[in-house]
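Okay, so here's the structure we're looking at.
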Amino acid sequence: DPARKTEVVLLACGSFNPITHMHLRLFELAKDYLHETGKYKVIKGIISPVGDAYKKRGLISANHRVTMAKLATKNSDWVEVDDWESCQGEWLETLKVLRYHHQKLLSADVTNSVQDAGPITKLGRKRKQEPNRHEPIKKKTQSPAVKSVPQVKLLCGSDMLESFGIPNLWKLEDIAEIVEKHGLVCISRAGNNAQKFIYESDVLWRHKNNIHLVEEWITNDISSTKIRRALRRGQSIRYLVPEAVRAYIHSKGLYGAESEDSNAGVLLAPLQSHASGPRSSQAN
Amino acid sequence: MRSRIPVILLACGSFNPTTNMHMRLFELARDHLHQTGRYQVIEGIMSPVSDKYGKKGLVSAKHRVAMAKLALETSNWIRVDPWESEQDTWTETVKVLRHHYNEALRAFQSKKEFTRNKHPTESSTGDSLSCQQPVLPELKLLCGADFLQTFKTPNLWKEEDIKEIVEKFGLVCISRAGSDASQFIQESDILSAFQHNIFLVREWIQNEISATQIRSALCRGLSVKYLIPDSVIAYIVHHNVYTAESERRNEGHLLQPLRLQNTTINPMRD
């Protein structure tokens, strides 16, 4: 019953420095997995590049990273880029980004449901509405098939999951809220330690039903670090990143030896304030 | 200054379908040869095997060539050549190499003639670039490490064919772990005799996109986006190329090379 499926938005946070085919694959794998459960309908994918204030070594300007991500998702009909996070003056914890997108999704959903509350000319047909249209907020009436609240789930690789275990890196209450109120979709290679890691953590174990582990059988280890290294050495990155991204990098002369040195000796933002939600190296 | 030797890279395989990994092999090989300082890769050729190969799940060459063309649209140096796929019978790898080498030689000769006709008075010892004696191009077989390993299967290859491939042409072999391939070469008399003509390229960015896995995903309705080019996906969908039925093609049949007695065999062309 399509009306009973939970709508899901997949949110990927990371450096995307630069975005690669591997990042884009995460979305495809997650969507296929969730659809195969029969319980979810993935309605959108969001790429949220981290702000420059993150101060990671080798991180180039958010303008470039957002532009490349947009070029990469040009041919996708469901994955898009959101630059809200990158436009913030200071670094934001992952949980805050999740909350922001969750709130945004709920407001859009309320506006849509409000339209449903009007005269039902065709049964079950939801008229598409722009979320920002100014409509008086009427009380939401119950329609026969109640759709459950749409969810925003954090999409990541197993190393981000395992970074939860690094002492003082994440606030326990943040981890708890991420897995309890939102959920994780974690992609990893076959034979990984993710299940064991969840088993060994009380908070993760408690919410393991909201942590979806997806196995990636087709090895596709295209890390941004390796891409940057190849570029410094004048080696080809064709077929590892979208063609438009490759062309952009070359036309702007991005990722030389100098850019790799940016933020050298600077402490990563989350470690500066002892706040939670660092980006792991894989969730670039 | 010694000019670089022009090299043409030839990859033989099923290309069923062409994946991002197939195309990566060319890029890796080219970078490697350029970094030796001795070579200039001038062309890459993808040669899809003929339908007569008889491999399970092999779809019509017409589709495989079309998909390869789409995949290579954005490349300015790699092209697909349908010659092998258009032959009446399956063709041994060494024969495909010979064919393309002869073609390259012919192009080279006519270019030399053309240049000589244009500049009849220039001496061959001049400094200008147009006076340099053009260097004869070399054609090398591009492959993965598993291909190299098939040389040791008894009765699968004719010794003289292996020798011709490594002596007259050369191999550029891409692998994840260099050690297996170099050990294998050391253990073979023929291969170690010509190891100067076998280039082992280490692939650090692991990208093992097997065409078999792609077909399996397609049959299950799973996404293969970002593993193969969008244009190839669109083609597959439009022509309904890979189905449960196409996967059963040639089921139970013997690979053509294995049917033939005492002939060169190429079992693992993915």
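Just so we're on the same page: first chain in the structure tokens is A, next is B, and so on; residues restart at 1 for each chain, and ligands are numbered from 1 in the order they show up.
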
What are the residues of chain B lining chain A at 10 Å or less? Count only C-alpha atoms, and put the answer as a short mmCIF file (atom, residue, chain, number, x, y, z; two decimals) with all heavy atoms, in the first residue's frame.
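Resulting contents of iface-v9.cif:
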data_model
loop_
_atom_site.label_atom_id
_atom_site.label_comp_id
_atom_site.auth_asym_id
_atom_site.auth_seq_id
_atom_site.Cartn_x
_atom_site.Cartn_y
_atom_site.Cartn_z
N THR B 19 32.04 -0.66 -18.96
CA THR B 19 31.85 -0.02 -17.66
C THR B 19 32.90 1.07 -17.45
O THR B 19 33.86 1.17 -18.22
CB THR B 19 32.03 -1.03 -16.51
OG1 THR B 19 33.40 -1.41 -16.43
CG2 THR B 19 31.18 -2.28 -16.73
N ASN B 20 32.74 1.84 -16.38
CA ASN B 20 33.73 2.88 -16.06
C ASN B 20 35.10 2.25 -15.82
O ASN B 20 36.13 2.86 -16.09
CB ASN B 20 33.31 3.66 -14.82
CG ASN B 20 32.20 4.66 -15.12
OD1 ASN B 20 31.91 4.95 -16.27
ND2 ASN B 20 31.56 5.17 -14.08
N MET B 21 35.11 1.03 -15.32
CA MET B 21 36.39 0.36 -15.06
C MET B 21 37.14 0.08 -16.36
O MET B 21 38.35 0.26 -16.42
CB MET B 21 36.16 -0.96 -14.32
CG MET B 21 37.46 -1.60 -13.87
SD MET B 21 37.31 -3.38 -13.63
CE MET B 21 37.21 -3.96 -15.30
N HIS B 22 36.44 -0.36 -17.39
CA HIS B 22 37.09 -0.61 -18.68
C HIS B 22 37.81 0.63 -19.15
O HIS B 22 38.95 0.60 -19.60
CB HIS B 22 36.07 -1.00 -19.75
CG HIS B 22 35.46 -2.34 -19.55
ND1 HIS B 22 34.10 -2.56 -19.62
CD2 HIS B 22 36.01 -3.55 -19.27
CE1 HIS B 22 33.85 -3.84 -19.39
NE2 HIS B 22 34.99 -4.46 -19.17
N MET B 23 37.14 1.75 -19.03
CA MET B 23 37.72 3.00 -19.51
C MET B 23 38.86 3.46 -18.63
O MET B 23 39.83 4.05 -19.10
CB MET B 23 36.62 4.04 -19.67
CG MET B 23 35.62 3.54 -20.71
SD MET B 23 34.33 4.70 -21.11
CE MET B 23 33.38 4.70 -19.59
N ARG B 24 38.76 3.18 -17.34
CA ARG B 24 39.85 3.51 -16.41
C ARG B 24 41.13 2.79 -16.79
O ARG B 24 42.22 3.35 -16.64
CB ARG B 24 39.50 3.05 -14.99
CG ARG B 24 38.89 4.03 -14.06
CD ARG B 24 39.51 5.37 -14.01
NE ARG B 24 40.68 5.43 -13.16
CZ ARG B 24 41.56 6.43 -13.18
NH1 ARG B 24 41.41 7.43 -14.00
NH2 ARG B 24 42.59 6.41 -12.35
N PHE B 26 42.36 2.19 -19.61
CA PHE B 26 43.07 2.98 -20.61
C PHE B 26 43.77 4.17 -19.99
O PHE B 26 44.94 4.46 -20.28
CB PHE B 26 42.09 3.48 -21.69
CG PHE B 26 41.70 2.44 -22.70
CD1 PHE B 26 40.57 1.65 -22.51
CD2 PHE B 26 42.46 2.25 -23.84
CE1 PHE B 26 40.21 0.69 -23.45
CE2 PHE B 26 42.10 1.28 -24.79
CZ PHE B 26 40.98 0.51 -24.59
N GLU B 27 43.06 4.88 -19.11
CA GLU B 27 43.64 6.08 -18.49
C GLU B 27 44.86 5.72 -17.64
O GLU B 27 45.89 6.41 -17.68
CB GLU B 27 42.59 6.79 -17.63
CG GLU B 27 41.37 7.27 -18.40
CD GLU B 27 41.64 8.45 -19.31
OE1 GLU B 27 42.28 9.43 -18.85
OE2 GLU B 27 41.22 8.42 -20.48
N LEU B 28 44.74 4.63 -16.88
CA LEU B 28 45.85 4.20 -16.02
C LEU B 28 47.06 3.80 -16.86
O LEU B 28 48.20 4.14 -16.54
CB LEU B 28 45.42 3.01 -15.15
CG LEU B 28 44.48 3.34 -14.00
CD1 LEU B 28 43.76 2.09 -13.52
CD2 LEU B 28 45.25 3.97 -12.84
N ARG B 30 47.80 4.73 -19.90
CA ARG B 30 48.40 5.88 -20.56
C ARG B 30 49.27 6.68 -19.61
O ARG B 30 50.41 7.04 -19.92
CB ARG B 30 47.32 6.78 -21.18
CG ARG B 30 47.89 7.99 -21.91
CD ARG B 30 46.88 8.69 -22.76
NE ARG B 30 46.00 9.55 -22.01
CZ ARG B 30 45.36 10.59 -22.51
NH1 ARG B 30 45.53 10.94 -23.76
NH2 ARG B 30 44.54 11.30 -21.76
N ASP B 31 48.74 6.98 -18.42
CA ASP B 31 49.53 7.72 -17.43
C ASP B 31 50.84 6.99 -17.14
O ASP B 31 51.90 7.61 -17.06
CB ASP B 31 48.75 7.87 -16.11
CG ASP B 31 47.72 8.98 -16.17
OD1 ASP B 31 47.77 9.81 -17.11
OD2 ASP B 31 46.85 9.04 -15.27
N HIS B 32 50.76 5.67 -16.96
CA HIS B 32 51.94 4.89 -16.61
C HIS B 32 53.00 4.98 -17.71
O HIS B 32 54.18 5.23 -17.43
CB HIS B 32 51.55 3.44 -16.37
CG HIS B 32 52.70 2.56 -16.01
ND1 HIS B 32 53.12 2.38 -14.70
CD2 HIS B 32 53.56 1.84 -16.77
CE1 HIS B 32 54.15 1.56 -14.67
NE2 HIS B 32 54.45 1.22 -15.92
N HIS B 34 53.34 7.20 -20.05
CA HIS B 34 53.86 8.57 -20.17
C HIS B 34 54.90 8.84 -19.10
O HIS B 34 55.90 9.50 -19.36
CB HIS B 34 52.73 9.60 -20.07
CG HIS B 34 51.95 9.71 -21.34
ND1 HIS B 34 50.92 10.60 -21.53
CD2 HIS B 34 52.05 9.03 -22.51
CE1 HIS B 34 50.41 10.45 -22.74
NE2 HIS B 34 51.09 9.52 -23.36
N GLN B 35 54.66 8.32 -17.90
CA GLN B 35 55.58 8.61 -16.80
C GLN B 35 56.92 7.92 -16.95
O GLN B 35 57.88 8.28 -16.29
CB GLN B 35 54.92 8.27 -15.45
CG GLN B 35 53.97 9.38 -15.04
CD GLN B 35 53.15 9.06 -13.81
OE1 GLN B 35 52.78 7.92 -13.53
NE2 GLN B 35 52.85 10.08 -13.02
N ALA B 71 29.86 5.12 -24.57
CA ALA B 71 30.74 5.28 -23.41
C ALA B 71 31.95 6.13 -23.76
O ALA B 71 32.45 6.90 -22.92
CB ALA B 71 31.20 3.92 -22.89
N THR B 74 32.95 10.90 -24.73
CA THR B 74 33.67 12.02 -24.12
C THR B 74 35.18 11.85 -24.21
O THR B 74 35.93 12.68 -23.71
CB THR B 74 33.29 12.17 -22.63
OG1 THR B 74 33.60 10.94 -21.97
CG2 THR B 74 31.81 12.48 -22.47
N SER B 75 35.64 10.77 -24.83
CA SER B 75 37.08 10.56 -24.91
C SER B 75 37.61 11.06 -26.25
O SER B 75 37.00 10.84 -27.29
CB SER B 75 37.41 9.08 -24.76
OG SER B 75 38.82 8.89 -24.90
N TRP B 204 45.60 1.94 -7.65
CA TRP B 204 45.44 2.25 -6.23
C TRP B 204 44.01 2.59 -5.85
O TRP B 204 43.61 2.41 -4.70
CB TRP B 204 46.34 3.44 -5.85
CG TRP B 204 47.78 3.10 -6.00
CD1 TRP B 204 48.59 3.38 -7.05
CD2 TRP B 204 48.59 2.38 -5.06
NE1 TRP B 204 49.86 2.89 -6.84
CE2 TRP B 204 49.89 2.28 -5.63
CE3 TRP B 204 48.35 1.82 -3.81
CZ2 TRP B 204 50.94 1.65 -4.97
CZ3 TRP B 204 49.41 1.19 -3.14
CH2 TRP B 204 50.68 1.11 -3.74
N ILE B 205 43.27 3.12 -6.82
CA ILE B 205 41.89 3.51 -6.54
C ILE B 205 41.01 2.36 -6.98
O ILE B 205 40.77 2.16 -8.17
CB ILE B 205 41.52 4.80 -7.31
CG1 ILE B 205 42.47 5.92 -6.90
CG2 ILE B 205 40.08 5.19 -7.04
CD1 ILE B 205 42.24 7.23 -7.65
N GLN B 206 40.59 1.58 -6.03
CA GLN B 206 39.91 0.34 -6.37
C GLN B 206 38.51 0.54 -6.91
O GLN B 206 37.65 1.12 -6.29
CB GLN B 206 39.91 -0.59 -5.18
CG GLN B 206 41.18 -1.39 -5.25
CD GLN B 206 41.57 -1.99 -3.94
OE1 GLN B 206 40.73 -2.55 -3.25
NE2 GLN B 206 42.82 -1.86 -3.60
N ASN B 207 38.33 -0.01 -8.04
CA ASN B 207 37.18 0.32 -8.86
C ASN B 207 36.76 -0.92 -9.63
O ASN B 207 36.77 -0.94 -10.86
CB ASN B 207 37.66 1.42 -9.82
CG ASN B 207 36.53 2.18 -10.43
OD1 ASN B 207 35.44 2.28 -9.87
ND2 ASN B 207 36.75 2.71 -11.61
N GLU B 208 36.48 -2.00 -8.87
CA GLU B 208 36.25 -3.29 -9.53
C GLU B 208 34.82 -3.46 -9.98
O GLU B 208 34.02 -4.15 -9.34
CB GLU B 208 36.63 -4.42 -8.60
CG GLU B 208 38.12 -4.54 -8.44
CD GLU B 208 38.46 -4.94 -7.03
OE1 GLU B 208 37.92 -5.94 -6.56
OE2 GLU B 208 39.26 -4.21 -6.39
N ILE B 209 34.51 -2.81 -11.07
CA ILE B 209 33.13 -2.87 -11.55
C ILE B 209 33.04 -3.96 -12.60
O ILE B 209 33.32 -3.72 -13.77
CB ILE B 209 32.73 -1.52 -12.15
CG1 ILE B 209 32.96 -0.41 -11.12
CG2 ILE B 209 31.28 -1.54 -12.59
CD1 ILE B 209 32.81 0.98 -11.70
N SER B 210 32.69 -5.17 -12.21
CA SER B 210 32.62 -6.24 -13.20
C SER B 210 31.31 -6.15 -13.97
O SER B 210 30.25 -5.84 -13.41
CB SER B 210 32.76 -7.61 -12.54
OG SER B 210 31.49 -8.12 -12.22
N GLN B 213 28.50 -8.21 -12.60
CA GLN B 213 27.75 -7.61 -11.50
C GLN B 213 26.77 -6.56 -12.01
O GLN B 213 25.67 -6.40 -11.48
CB GLN B 213 28.71 -6.94 -10.51
CG GLN B 213 29.47 -7.92 -9.64
CD GLN B 213 30.47 -7.23 -8.75
OE1 GLN B 213 31.21 -6.35 -9.19
NE2 GLN B 213 30.51 -7.61 -7.49
N ILE B 214 27.19 -5.85 -13.03
CA ILE B 214 26.32 -4.84 -13.62
C ILE B 214 25.07 -5.51 -14.20
O ILE B 214 23.94 -5.07 -13.96
CB ILE B 214 27.05 -4.05 -14.73
CG1 ILE B 214 28.23 -3.26 -14.16
CG2 ILE B 214 26.09 -3.14 -15.48
CD1 ILE B 214 27.85 -2.12 -13.26
N GLY B 221 16.68 -4.95 -11.22
CA GLY B 221 16.08 -3.62 -11.13
C GLY B 221 16.81 -2.69 -10.20
O GLY B 221 16.25 -1.72 -9.70
N LEU B 222 18.10 -2.97 -9.96
CA LEU B 222 18.89 -2.11 -9.08
C LEU B 222 19.65 -1.08 -9.92
O LEU B 222 19.94 -1.30 -11.08
CB LEU B 222 19.87 -2.96 -8.26
CG LEU B 222 19.23 -4.02 -7.38
CD1 LEU B 222 20.29 -4.89 -6.73
CD2 LEU B 222 18.35 -3.37 -6.30
N SER B 223 19.99 0.01 -9.26
CA SER B 223 20.65 1.10 -9.98
C SER B 223 22.11 0.79 -10.30
O SER B 223 22.84 0.23 -9.49
CB SER B 223 20.60 2.36 -9.13
OG SER B 223 21.49 3.33 -9.61
N VAL B 224 22.55 1.16 -11.51
CA VAL B 224 23.97 1.05 -11.86
C VAL B 224 24.53 2.42 -12.23
O VAL B 224 25.60 2.54 -12.83
CB VAL B 224 24.22 0.05 -13.02
CG1 VAL B 224 23.87 -1.35 -12.58
CG2 VAL B 224 23.42 0.45 -14.26
N LYS B 225 23.78 3.44 -11.82
CA LYS B 225 24.22 4.81 -12.13
C LYS B 225 25.56 5.07 -11.48
O LYS B 225 25.81 4.64 -10.35
CB LYS B 225 23.17 5.81 -11.62
CG LYS B 225 23.16 7.14 -12.35
CD LYS B 225 21.86 7.90 -12.05
CE LYS B 225 22.01 9.40 -12.25
NZ LYS B 225 22.01 9.79 -13.65
N TYR B 226 26.44 5.80 -12.18
CA TYR B 226 27.79 6.15 -11.72
C TYR B 226 28.77 4.98 -11.79
O TYR B 226 29.93 5.10 -11.41
CB TYR B 226 27.78 6.76 -10.31
CG TYR B 226 26.73 7.83 -10.15
CD1 TYR B 226 25.67 7.66 -9.28
CD2 TYR B 226 26.77 8.99 -10.92
CE1 TYR B 226 24.68 8.62 -9.17
CE2 TYR B 226 25.78 9.96 -10.82
CZ TYR B 226 24.74 9.76 -9.94
OH TYR B 226 23.74 10.71 -9.84
N LEU B 227 28.32 3.80 -12.25
CA LEU B 227 29.23 2.67 -12.46
C LEU B 227 29.49 2.51 -13.95
O LEU B 227 30.54 2.04 -14.37
CB LEU B 227 28.61 1.38 -11.91
CG LEU B 227 28.34 1.37 -10.40
CD1 LEU B 227 27.61 0.10 -10.01
CD2 LEU B 227 29.64 1.50 -9.61
N ILE B 228 28.48 2.85 -14.72
CA ILE B 228 28.63 2.89 -16.18
C ILE B 228 28.05 4.23 -16.63
O ILE B 228 27.27 4.84 -15.90
CB ILE B 228 27.93 1.68 -16.87
CG1 ILE B 228 26.39 1.79 -16.80
CG2 ILE B 228 28.37 0.37 -16.24
CD1 ILE B 228 25.69 0.62 -17.51
N PRO B 229 28.46 4.73 -17.79
CA PRO B 229 27.98 6.06 -18.20
C PRO B 229 26.46 6.13 -18.34
O PRO B 229 25.82 5.14 -18.71
CB PRO B 229 28.66 6.27 -19.55
CG PRO B 229 29.84 5.36 -19.56
CD PRO B 229 29.42 4.16 -18.77
N ASP B 230 25.91 7.31 -18.08
CA ASP B 230 24.46 7.52 -18.19
C ASP B 230 23.95 7.17 -19.58
O ASP B 230 22.86 6.60 -19.73
CB ASP B 230 24.12 8.99 -17.90
CG ASP B 230 24.16 9.30 -16.41
OD1 ASP B 230 24.23 8.35 -15.60
OD2 ASP B 230 24.12 10.50 -16.06
#

Exercise: segment 58-61 of chain B partners within 8 Å, only C-alpha atoms, chain neighbours under 6 positions left out, as a list in words:
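In the requested form, the answer reads Ser14, Asn16, Pro48, Val49, Ser50, Asp51, Ser85, Val241, Tyr242, Ser246, Glu247, Arg249 and Asn250 of chain B.
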
Keeping only N, CA, C and O atoms, write those residues as a JSON list (two decimals), in the first residue's frame.
[["chain", "number", "residue", "atom", "x", "y", "z"],
["B", 14, "SER", "N", 34.75, -8.76, -23.79],
["B", 14, "SER", "CA", 33.34, -8.88, -24.14],
["B", 14, "SER", "C", 32.68, -7.50, -24.17],
["B", 14, "SER", "O", 31.82, -7.22, -24.98],
["B", 16, "ASN", "N", 30.52, -6.25, -22.08],
["B", 16, "ASN", "CA", 29.14, -6.71, -22.02],
["B", 16, "ASN", "C", 28.42, -6.34, -20.72],
["B", 16, "ASN", "O", 28.04, -7.23, -19.97],
["B", 48, "PRO", "N", 35.50, -5.13, -29.07],
["B", 48, "PRO", "CA", 34.56, -6.10, -28.51],
["B", 48, "PRO", "C", 34.63, -7.43, -29.26],
["B", 48, "PRO", "O", 34.73, -7.45, -30.50],
["B", 49, "VAL", "N", 34.54, -8.53, -28.53],
["B", 49, "VAL", "CA", 34.65, -9.87, -29.12],
["B", 49, "VAL", "C", 33.42, -10.17, -29.99],
["B", 49, "VAL", "O", 32.35, -9.59, -29.79],
["B", 50, "SER", "N", 33.60, -11.07, -30.91],
["B", 50, "SER", "CA", 32.47, -11.43, -31.79],
["B", 50, "SER", "C", 31.45, -12.30, -31.05],
["B", 50, "SER", "O", 31.77, -12.94, -30.05],
["B", 51, "ASP", "N", 30.23, -12.33, -31.53],
["B", 51, "ASP", "CA", 29.17, -13.15, -30.93],
["B", 51, "ASP", "C", 29.56, -14.62, -30.95],
["B", 51, "ASP", "O", 29.11, -15.40, -30.11],
["B", 85, "SER", "N", 34.48, -7.92, -34.09],
["B", 85, "SER", "CA", 33.10, -8.37, -33.89],
["B", 85, "SER", "C", 32.42, -8.69, -35.22],
["B", 85, "SER", "O", 31.42, -9.39, -35.25],
["B", 241, "VAL", "N", 18.24, -4.31, -23.33],
["B", 241, "VAL", "CA", 19.35, -5.19, -23.71],
["B", 241, "VAL", "C", 19.54, -6.37, -22.76],
["B", 241, "VAL", "O", 19.72, -7.51, -23.20],
["B", 242, "TYR", "N", 19.53, -6.10, -21.46],
["B", 242, "TYR", "CA", 19.83, -7.18, -20.51],
["B", 242, "TYR", "C", 18.58, -7.64, -19.78],
["B", 242, "TYR", "O", 17.96, -6.88, -19.05],
["B", 246, "SER", "N", 18.40, -12.86, -21.83],
["B", 246, "SER", "CA", 19.72, -12.63, -22.44],
["B", 246, "SER", "C", 20.81, -13.27, -21.58],
["B", 246, "SER", "O", 21.82, -13.73, -22.10],
["B", 247, "GLU", "N", 20.58, -13.34, -20.27],
["B", 247, "GLU", "CA", 21.57, -13.95, -19.38],
["B", 247, "GLU", "C", 21.71, -15.45, -19.65],
["B", 247, "GLU", "O", 22.73, -16.06, -19.37],
["B", 249, "ARG", "N", 21.57, -16.86, -22.60],
["B", 249, "ARG", "CA", 22.17, -17.13, -23.91],
["B", 249, "ARG", "C", 23.43, -17.94, -23.80],
["B", 249, "ARG", "O", 24.25, -17.68, -22.91],
["B", 250, "ASN", "N", 23.64, -18.86, -24.68],
["B", 250, "ASN", "CA", 24.85, -19.69, -24.71],
["B", 250, "ASN", "C", 25.00, -20.55, -23.48],
["B", 250, "ASN", "O", 26.07, -21.12, -23.22]]

Hey, what's within 9 Å of Arg99 of chain A if we count only C-alpha atoms and toss same-chain stuff fewer than 5 positions away? As a list of chain:residue names, please?
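Non-adjacent residues within range: A:Thr94, A:Lys104, A:Val152, A:His182.
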
File of the preceding selection, N, CA and C atoms, as a compact mmCIF listing (two decimals), in the first residue's frame:
# COMPACT_ATOMS: atom_id res chain seq x y z
N THR A 94 26.50 18.03 12.86
CA THR A 94 25.65 17.24 11.96
C THR A 94 24.20 17.22 12.41
N LYS A 104 12.43 21.64 7.68
CA LYS A 104 12.07 22.10 6.33
C LYS A 104 11.11 21.10 5.67
N VAL A 152 14.05 12.33 7.70
CA VAL A 152 15.34 12.65 7.08
C VAL A 152 16.35 11.72 7.70
N HIS A 182 16.03 10.42 13.87
CA HIS A 182 16.20 10.50 12.42
C HIS A 182 16.52 9.16 11.79

Pick out the residues sitting within 10 Å of Val179 of chain A, and hand them over as a PyMOL selection string; count only C-alpha atoms, and ignore anything fewer than 3 positions along from it in its own chain.
chain A and resi 153-154+174-176+182-185+203-211

Expected file contents, prior selection, N, CA and C atoms, as an mmCIF file, in the first residue's frame:
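And here is the file that came out, result30.cif:
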data_model
loop_
_atom_site.group_PDB
_atom_site.id
_atom_site.type_symbol
_atom_site.label_atom_id
_atom_site.label_comp_id
_atom_site.auth_asym_id
_atom_site.auth_seq_id
_atom_site.Cartn_x
_atom_site.Cartn_y
_atom_site.Cartn_z
ATOM 1 N N LYS A 153 16.997 10.922 6.874
ATOM 2 C CA LYS A 153 17.975 9.978 7.402
ATOM 3 C C LYS A 153 19.370 10.375 6.956
ATOM 4 N N LEU A 154 20.307 10.177 7.853
ATOM 5 C CA LEU A 154 21.683 10.521 7.549
ATOM 6 C C LEU A 154 22.315 9.391 6.748
ATOM 7 N N ASP A 174 23.839 13.698 21.218
ATOM 8 C CA ASP A 174 23.668 13.968 19.792
ATOM 9 C C ASP A 174 23.535 12.667 19.010
ATOM 10 N N ILE A 175 24.421 11.722 19.337
ATOM 11 C CA ILE A 175 24.355 10.417 18.672
ATOM 12 C C ILE A 175 22.977 9.812 18.907
ATOM 13 N N ALA A 176 22.543 9.875 20.149
ATOM 14 C CA ALA A 176 21.248 9.305 20.517
ATOM 15 C C ALA A 176 20.130 9.934 19.707
ATOM 16 N N HIS A 182 16.026 10.416 13.868
ATOM 17 C CA HIS A 182 16.201 10.500 12.421
ATOM 18 C C HIS A 182 16.522 9.161 11.785
ATOM 19 N N GLY A 183 17.677 8.620 12.106
ATOM 20 C CA GLY A 183 18.054 7.335 11.536
ATOM 21 C C GLY A 183 19.288 7.451 10.659
ATOM 22 N N LEU A 184 19.935 6.313 10.479
ATOM 23 C CA LEU A 184 21.158 6.263 9.685
ATOM 24 C C LEU A 184 20.999 5.256 8.562
ATOM 25 N N VAL A 185 21.556 5.603 7.418
ATOM 26 C CA VAL A 185 21.693 4.601 6.367
ATOM 27 C C VAL A 185 23.186 4.547 6.088
ATOM 28 N N VAL A 203 23.909 2.701 22.989
ATOM 29 C CA VAL A 203 22.952 3.637 22.373
ATOM 30 C C VAL A 203 22.610 3.218 20.941
ATOM 31 N N LEU A 204 23.604 2.721 20.215
ATOM 32 C CA LEU A 204 23.324 2.279 18.851
ATOM 33 C C LEU A 204 22.463 1.013 18.864
ATOM 34 N N TRP A 205 22.781 0.131 19.777
ATOM 35 C CA TRP A 205 22.050 -1.126 19.878
ATOM 36 C C TRP A 205 20.570 -0.875 20.161
ATOM 37 N N ARG A 206 20.329 0.092 21.052
ATOM 38 C CA ARG A 206 18.961 0.416 21.426
ATOM 39 C C ARG A 206 18.140 0.845 20.216
ATOM 40 N N HIS A 207 18.805 1.528 19.277
ATOM 41 C CA HIS A 207 18.080 2.042 18.115
ATOM 42 C C HIS A 207 18.501 1.366 16.830
ATOM 43 N N LYS A 208 18.908 0.105 16.959
ATOM 44 C CA LYS A 208 19.446 -0.554 15.769
ATOM 45 C C LYS A 208 18.422 -0.704 14.649
ATOM 46 N N ASN A 209 17.143 -0.667 14.982
ATOM 47 C CA ASN A 209 16.127 -0.750 13.937
ATOM 48 C C ASN A 209 16.107 0.484 13.058
ATOM 49 N N ASN A 210 16.727 1.535 13.567
ATOM 50 C CA ASN A 210 16.758 2.771 12.805
ATOM 51 C C ASN A 210 18.118 2.992 12.155
ATOM 52 N N ILE A 211 18.956 1.956 12.223
ATOM 53 C CA ILE A 211 20.254 2.007 11.544
ATOM 54 C C ILE A 211 20.223 0.955 10.446
#

DSSP-assigned helix (DSSP H, G or I) members of segment 15-71 of chain A, reported as number ranges by chain
A: 21-37, 52-54, 62-71

Counting only C-alpha atoms, which of A:Ser163, A:Leu169, A:Leu34, A:Cys87 gets nearest to Leu268 of chain A?
A:Leu169

Between atom CA of Lys56 of chain B and atom CA of Pro82 of chain B, what is the distance, to one decimal in Å?
20.4 Å

Residue with the minimum atom-to-atom distance to Glu251 of chain B, picked from B:Thr115, B:Met67, B:Thr153, B:Gly54 with only C-alpha atoms counted, is B:Gly54

Just the strand (DSSP E or B) stuff from segment 186-221 of chain A, please, per backbone DSSP, written as JSON, numbers by chain.
{"A": [186, 187, 188, 189, 211, 212, 213, 214, 215, 216]}

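For the pair atom CA of Leu254 of chain B and atom CA of Leu156 of chain B, the separation is 13.6 Å.
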